[in-house]
Amino acid sequence: MKLTEPYIISIIKHCISIIIISCCFSCNTSKQEPLDNLVFRYNEHKNIGSLDPAFSKDLADIWATNQLFNGLVQMDEHLNVKPCIAKSWSISDDALIYTFTLRNDVFFHKDILFGKDSTRTVIAKDFEYSLNRLLDKELASPGSWVLSKVNNFKAINDSIFQIDLNQPFPAFLGLLTMKYCSVVPNEIVEYYGNDFRSHPIGTGPFKFKRWEENIKLVFRRNENYFEKDEIGDQLPYLEAVAITFLPDKQSEFLQFAQGNIDFVSGLDASYKDEILTSTGELRDLYKNEVNMIRGPYLNTEYLAFFMDSEVPEIQSELIRKAVNIGFDRNKMMIYLRNGIGIPANGGFIPKGLPGYNQTIGFNYEPENAKRLIEQFKTETGIENPEISITTTSNYLSFCEYIQRELQKIGLIVNIDVIPAATLKDAKANGKLDIFRASWVADYPDAENYLSLYYSNNFAPNGPNYTHFKNELFDIWFEKSFLETNSHKRELLYSKMDSLIMEKAPVVPLFYDEVVRFTRKNVNGLGINPINLLDLKRVQKD
């Protein structure tokens, strides 16, 4: 048999593929393969539930599906909405109709198991199918809420896709950047059915290669990817992504320290003192091997008061404000978080989002806090005011710190520790007077945070767990939907946040930070306030 040039090239490509996969999962992890610089390795200790973007609810799933799928638009590292499969769009004057013009050079990945070359161009009908899938009650996608303000959508032709809203919603483009809204090929989804979760076909910078659940997951470079870098080189730079599933953060960090994985996200108690000083700097042992990058994360950690409680201390604005000014947030972050995180001296909207205002919150004022406690005693006749904070074991140290500080100002504090699932259920059903909670943005707009105080969102039917109700706040909140000027909307957000702080239904503790540790040879990883893992521009020396 005569070996033609195309046949020889095919053999070479196949051999390279085998070498790369061997590099990803070599038994002898202490010896790096020659092509290691083309493989990005990280661990996912929470496992991955599905590779179907319709179920990308948890961060672990979102990180994986972000490598495999694209939507109409995407978010850059500064939370600006940028083109993706839609190269441009227009919005009608009444802010109800969004018209997207699609690129014509976006292809679905090939699927060998499907039995044929399934690579084809994405057209507007694919988005019509993909969004209808989110609304399918039999599928029961957790992302169906993304389309709650959508009246209808349709493909005008192969390259024009239109979405009509039932009311103006300035944050809508941000919603469309979520992985729920990724495009999928109907013929592949229909062929695999429920097994599409483990046979994903998308348009992303990487394509699915292999998944041994809870053991290992491999993606390969998409040679047909449509995005290019600033000088015209095709993305992504890496040849493969290898994900392992060690179940605990301490083991994950050990693998990172030994150079067996390239990246660790977050600061876990099991290794925070090992890698960082008390002021949040890398220890000398790691400075030559590790890079640390950090930035604001759209997550507010807080204590919440249940405003419908019959307990006098909870009903009292004096007590709620005394709690807010009765402990030092700066010391708390240094002692308990090694300086990682931003003390929440602003409002509920976290730093990093338009609408954040650092001047509207509370500072540490122990003497003033004592006066508020004494005023409460005088007005109510209660000699020993007392509150109980419910938390999970992960945040016990924070609550114990607050307990010690508040007892110095004359407030008795009890702490109840319960499982996370129990706390989630109890706070939704109004069974806790004070509870620790956090709110991570579903989409990058302050409306997402302020919705927790809109009276029509009372839990369990919405996210208003405090049952805070204020007529003026509701008027401003509804007005914000109709405000298309971004600067005016930000000012309105800040006014609403200021009103919340004035009434003090919550105690903001800190605004979280994204912290990433990489090996020195990793470049281009970057960081963003929604903690999205984007690997298409990553390179390894």
# chains A, B, ... in the order shown; residues from 1 in each chain; ligands from 1

call {"tool": "residues_around", "arguments": {"residues": "Ile402 in chain A", "least_positions_apart": "3", "cutoff": "9 Å", "atoms": "only C-alpha atoms", "output": "NGL selection string"}}
result
:A and (323 or 326-328 or 332 or 397-399 or 405-407 or 413)

call {"tool": "select_by_dssp", "arguments": {"residues": "range 246-428 of chain A", "states": "strand (DSSP E or B)", "output": "JSON, numbers by chain"}}
result
{"A": [263, 264, 265, 276, 282, 290, 291, 292, 293, 294, 295, 296, 297, 298, 299, 300, 301, 302, 303, 304, 305, 342, 343, 386, 387, 388, 389, 390, 391, 412, 413, 414, 415, 416, 417]}

call {"tool": "residues_around", "arguments": {"residues": "Trp476 in chain A", "least_positions_apart": "2", "cutoff": "12 Å", "atoms": "only C-alpha atoms", "output": "PyMOL selection string"}}
result
chain A and resi 447+450-451+453-454+470-474+478-483+488-499

call {"tool": "write_last_selection", "arguments": {"atoms": "C-alpha atoms", "output": "short mmCIF file (atom, residue, chain, number, x, y, z; two decimals), in the first residue's frame"}}
result
data_model
loop_
_atom_site.label_atom_id
_atom_site.label_comp_id
_atom_site.auth_asym_id
_atom_site.auth_seq_id
_atom_site.Cartn_x
_atom_site.Cartn_y
_atom_site.Cartn_z
CA GLU A 447 -30.24 44.34 40.63
CA LEU A 450 -31.15 44.37 45.54
CA SER A 451 -33.78 41.77 44.61
CA TYR A 453 -35.06 43.27 49.58
CA TYR A 454 -37.97 43.63 47.17
CA ASN A 470 -40.17 49.23 52.42
CA GLU A 471 -42.54 51.06 50.09
CA LEU A 472 -39.96 53.58 48.85
CA PHE A 473 -37.45 50.81 48.14
CA ASP A 474 -40.06 48.94 46.08
CA GLU A 478 -39.39 48.91 39.93
CA LYS A 479 -38.20 52.21 38.49
CA SER A 480 -34.72 50.75 37.88
CA PHE A 481 -36.16 48.34 35.26
CA LEU A 482 -37.29 51.27 33.14
CA GLU A 483 -34.05 53.26 33.43
CA LYS A 488 -28.70 57.01 36.32
CA ARG A 489 -29.44 53.36 37.04
CA GLU A 490 -26.21 53.05 39.07
CA LEU A 491 -27.20 56.08 41.15
CA LEU A 492 -30.60 54.50 41.75
CA TYR A 493 -28.94 51.27 42.84
CA SER A 494 -26.76 53.17 45.30
CA LYS A 495 -29.82 54.97 46.75
CA MET A 496 -31.56 51.63 47.31
CA ASP A 497 -28.47 50.18 48.95
CA SER A 498 -28.19 53.23 51.21
CA LEU A 499 -31.81 52.76 52.31
#

call {"tool": "closest_residue", "arguments": {"among": "A:Leu217, A:Val264, A:Ala446, A:Ile97", "to": "Tyr42 in chain A", "atoms": "only C-alpha atoms"}}
result
A:Val264

call {"tool": "residues_around", "arguments": {"residues": "range 194-199 of chain A", "least_positions_apart": "6", "cutoff": "12 Å", "atoms": "only C-alpha atoms", "output": "ChimeraX atom specification"}}
result
/A:48-56,61,64-65,68,109-114,138-140,184-188,207-213,217-219

call {"tool": "residues_around", "arguments": {"residues": "Asn456 in chain A", "least_positions_apart": "5", "cutoff": "9 Å", "atoms": "only C-alpha atoms", "output": "PyMOL selection string"}}
result
chain A and resi 461-462+464+469+474

call {"tool": "write_last_selection", "arguments": {"atoms": "N, CA and C atoms", "output": "mmCIF file, in the first residue's frame"}}
result
data_model
loop_
_atom_site.group_PDB
_atom_site.id
_atom_site.type_symbol
_atom_site.label_atom_id
_atom_site.label_comp_id
_atom_site.auth_asym_id
_atom_site.auth_seq_id
_atom_site.Cartn_x
_atom_site.Cartn_y
_atom_site.Cartn_z
ATOM 1 N N ASN A 461 -40.783 31.970 48.267
ATOM 2 C CA ASN A 461 -41.087 32.138 46.842
ATOM 3 C C ASN A 461 -40.110 33.060 46.128
ATOM 4 N N GLY A 462 -39.127 33.571 46.845
ATOM 5 C CA GLY A 462 -38.125 34.445 46.263
ATOM 6 C C GLY A 462 -36.942 34.563 47.198
ATOM 7 N N ASN A 464 -35.898 37.037 49.114
ATOM 8 C CA ASN A 464 -35.975 37.992 50.229
ATOM 9 C C ASN A 464 -36.116 37.210 51.538
ATOM 10 N N LYS A 469 -39.359 44.905 54.080
ATOM 11 C CA LYS A 469 -40.389 45.537 53.269
ATOM 12 C C LYS A 469 -40.334 47.041 53.471
ATOM 13 N N ASP A 474 -39.347 49.632 47.158
ATOM 14 C CA ASP A 474 -40.059 48.939 46.085
ATOM 15 C C ASP A 474 -40.281 49.851 44.881
#

call {"tool": "residues_around", "arguments": {"residues": "Ala257 in chain A", "least_positions_apart": "5", "cutoff": "10 Å", "atoms": "only C-alpha atoms", "output": "list in words"}}
result
Ser251, Glu252, Asp262, Phe263, Val264, Ile275, Tyr286, Glu289, Val290, Thr518 and Arg519 of chain A

call {"tool": "select_by_dssp", "arguments": {"residues": "range 174-249 of chain A", "states": "helix (DSSP H, G or I)", "output": "ChimeraX atom specification"}}
result
/A:174-176,179-181,186-198,249

call {"tool": "closest_atom_pairs", "arguments": {"of": "range 434-509 of chain A", "to": "range 370-393 of chain A", "cutoff": "9 Å", "atoms": "only C-alpha atoms", "output": "CSV"}}
result
residue,atom,partner,partner_atom,distance
A:Ile434,CA,A:Ile389,CA,4.9
A:Phe435,CA,A:Thr390,CA,4.6
A:Arg436,CA,A:Thr391,CA,5.3
A:Ala437,CA,A:Thr391,CA,8.0

call {"tool": "closest_residue", "arguments": {"among": "A:Pro350, A:Gly410, A:Gly295, A:Gly202", "to": "Glu513 in chain A", "atoms": "only C-alpha atoms"}}
result
A:Gly295

call {"tool": "closest_residue", "arguments": {"among": "A:Ser278, A:Asn152, A:Gln403, A:Gln234", "to": "Ile340 in chain A", "atoms": "only C-alpha atoms"}}
result
A:Ser278

call {"tool": "residues_around", "arguments": {"residues": "Gly361 in chain A", "least_positions_apart": "3", "cutoff": "9 Å", "atoms": "only C-alpha atoms", "output": "PyMOL selection string"}}
result
chain A and resi 324+344-348+357-358+498+501-502+508

call {"tool": "closest_residue", "arguments": {"among": "A:Leu238, A:Leu267, A:Leu175, A:Val150", "to": "Gly71 in chain A", "atoms": "only C-alpha atoms"}}
result
A:Leu175

call {"tool": "atom_distance", "arguments": {"atom1": "CA of Ser148 in chain A", "atom2": "CA of Glu301 in chain A"}}
result
27.0 Å

call {"tool": "atom_distance", "arguments": {"atom1": "CA of Asn429 in chain A", "atom2": "CA of Ile415 in chain A"}}
result
19.5 Å

call {"tool": "closest_residue", "arguments": {"among": "A:Asn363, A:Thr244, A:Asn368, A:Asn457", "to": "Arg41 in chain A", "atoms": "only C-alpha atoms"}}
result
A:Thr244

call {"tool": "decode", "arguments": {"residues": "range 392-412 of chain A", "atoms": "N, CA and C atoms", "output": "PDB file, in the first residue's frame"}}
result
ATOM      1  N   THR A 392     -23.186  27.651  59.879  1.00  0.00           N
ATOM      2  CA  THR A 392     -22.634  26.322  59.613  1.00  0.00           C
ATOM      3  C   THR A 392     -21.228  26.260  60.197  1.00  0.00           C
ATOM      4  N   SER A 393     -20.659  25.076  60.249  1.00  0.00           N
ATOM      5  CA  SER A 393     -19.335  24.901  60.866  1.00  0.00           C
ATOM      6  C   SER A 393     -18.249  25.681  60.121  1.00  0.00           C
ATOM      7  N   ASN A 394     -18.419  25.875  58.797  1.00  0.00           N
ATOM      8  CA  ASN A 394     -17.409  26.580  58.002  1.00  0.00           C
ATOM      9  C   ASN A 394     -17.208  28.020  58.452  1.00  0.00           C
ATOM     10  N   TYR A 395     -18.251  28.624  59.006  1.00  0.00           N
ATOM     11  CA  TYR A 395     -18.181  30.031  59.401  1.00  0.00           C
ATOM     12  C   TYR A 395     -18.287  30.221  60.906  1.00  0.00           C
ATOM     13  N   LEU A 396     -18.066  29.147  61.654  1.00  0.00           N
ATOM     14  CA  LEU A 396     -18.132  29.240  63.109  1.00  0.00           C
ATOM     15  C   LEU A 396     -17.105  30.226  63.654  1.00  0.00           C
ATOM     16  N   SER A 397     -15.904  30.230  63.105  1.00  0.00           N
ATOM     17  CA  SER A 397     -14.858  31.122  63.610  1.00  0.00           C
ATOM     18  C   SER A 397     -15.251  32.592  63.465  1.00  0.00           C
ATOM     19  N   PHE A 398     -15.928  32.947  62.375  1.00  0.00           N
ATOM     20  CA  PHE A 398     -16.389  34.319  62.184  1.00  0.00           C
ATOM     21  C   PHE A 398     -17.437  34.691  63.229  1.00  0.00           C
ATOM     22  N   CYS A 399     -18.372  33.789  63.441  1.00  0.00           N
ATOM     23  CA  CYS A 399     -19.447  34.067  64.394  1.00  0.00           C
ATOM     24  C   CYS A 399     -18.914  34.129  65.825  1.00  0.00           C
ATOM     25  N   GLU A 400     -17.920  33.309  66.146  1.00  0.00           N
ATOM     26  CA  GLU A 400     -17.326  33.359  67.489  1.00  0.00           C
ATOM     27  C   GLU A 400     -16.575  34.679  67.691  1.00  0.00           C
ATOM     28  N   TYR A 401     -15.919  35.163  66.634  1.00  0.00           N
ATOM     29  CA  TYR A 401     -15.246  36.463  66.733  1.00  0.00           C
ATOM     30  C   TYR A 401     -16.266  37.572  67.004  1.00  0.00           C
ATOM     31  N   ILE A 402     -17.344  37.562  66.240  1.00  0.00           N
ATOM     32  CA  ILE A 402     -18.397  38.571  66.425  1.00  0.00           C
ATOM     33  C   ILE A 402     -19.018  38.440  67.807  1.00  0.00           C
ATOM     34  N   GLN A 403     -19.210  37.207  68.265  1.00  0.00           N
ATOM     35  CA  GLN A 403     -19.772  36.964  69.601  1.00  0.00           C
ATOM     36  C   GLN A 403     -18.923  37.623  70.689  1.00  0.00           C
ATOM     37  N   ARG A 404     -17.607  37.419  70.622  1.00  0.00           N
ATOM     38  CA  ARG A 404     -16.708  37.997  71.635  1.00  0.00           C
ATOM     39  C   ARG A 404     -16.753  39.520  71.604  1.00  0.00           C
ATOM     40  N   GLU A 405     -16.766  40.092  70.400  1.00  0.00           N
ATOM     41  CA  GLU A 405     -16.747  41.544  70.270  1.00  0.00           C
ATOM     42  C   GLU A 405     -18.061  42.167  70.749  1.00  0.00           C
ATOM     43  N   LEU A 406     -19.182  41.552  70.426  1.00  0.00           N
ATOM     44  CA  LEU A 406     -20.479  42.121  70.811  1.00  0.00           C
ATOM     45  C   LEU A 406     -20.740  41.990  72.307  1.00  0.00           C
ATOM     46  N   GLN A 407     -20.181  40.966  72.913  1.00  0.00           N
ATOM     47  CA  GLN A 407     -20.353  40.835  74.361  1.00  0.00           C
ATOM     48  C   GLN A 407     -19.626  41.965  75.105  1.00  0.00           C
ATOM     49  N   LYS A 408     -18.593  42.532  74.475  1.00  0.00           N
ATOM     50  CA  LYS A 408     -17.879  43.657  75.077  1.00  0.00           C
ATOM     51  C   LYS A 408     -18.743  44.919  75.112  1.00  0.00           C
ATOM     52  N   ILE A 409     -19.727  45.004  74.210  1.00  0.00           N
ATOM     53  CA  ILE A 409     -20.576  46.201  74.187  1.00  0.00           C
ATOM     54  C   ILE A 409     -21.882  45.977  74.949  1.00  0.00           C
ATOM     55  N   GLY A 410     -22.025  44.798  75.564  1.00  0.00           N
ATOM     56  CA  GLY A 410     -23.189  44.554  76.401  1.00  0.00           C
ATOM     57  C   GLY A 410     -24.300  43.756  75.759  1.00  0.00           C
ATOM     58  N   LEU A 411     -24.007  43.037  74.684  1.00  0.00           N
ATOM     59  CA  LEU A 411     -25.013  42.217  74.009  1.00  0.00           C
ATOM     60  C   LEU A 411     -24.649  40.744  74.147  1.00  0.00           C
ATOM     61  N   ILE A 412     -25.528  39.957  74.718  1.00  0.00           N
ATOM     62  CA  ILE A 412     -25.307  38.516  74.865  1.00  0.00           C
ATOM     63  C   ILE A 412     -25.566  37.848  73.518  1.00  0.00           C
TER      64      ILE A 412
END
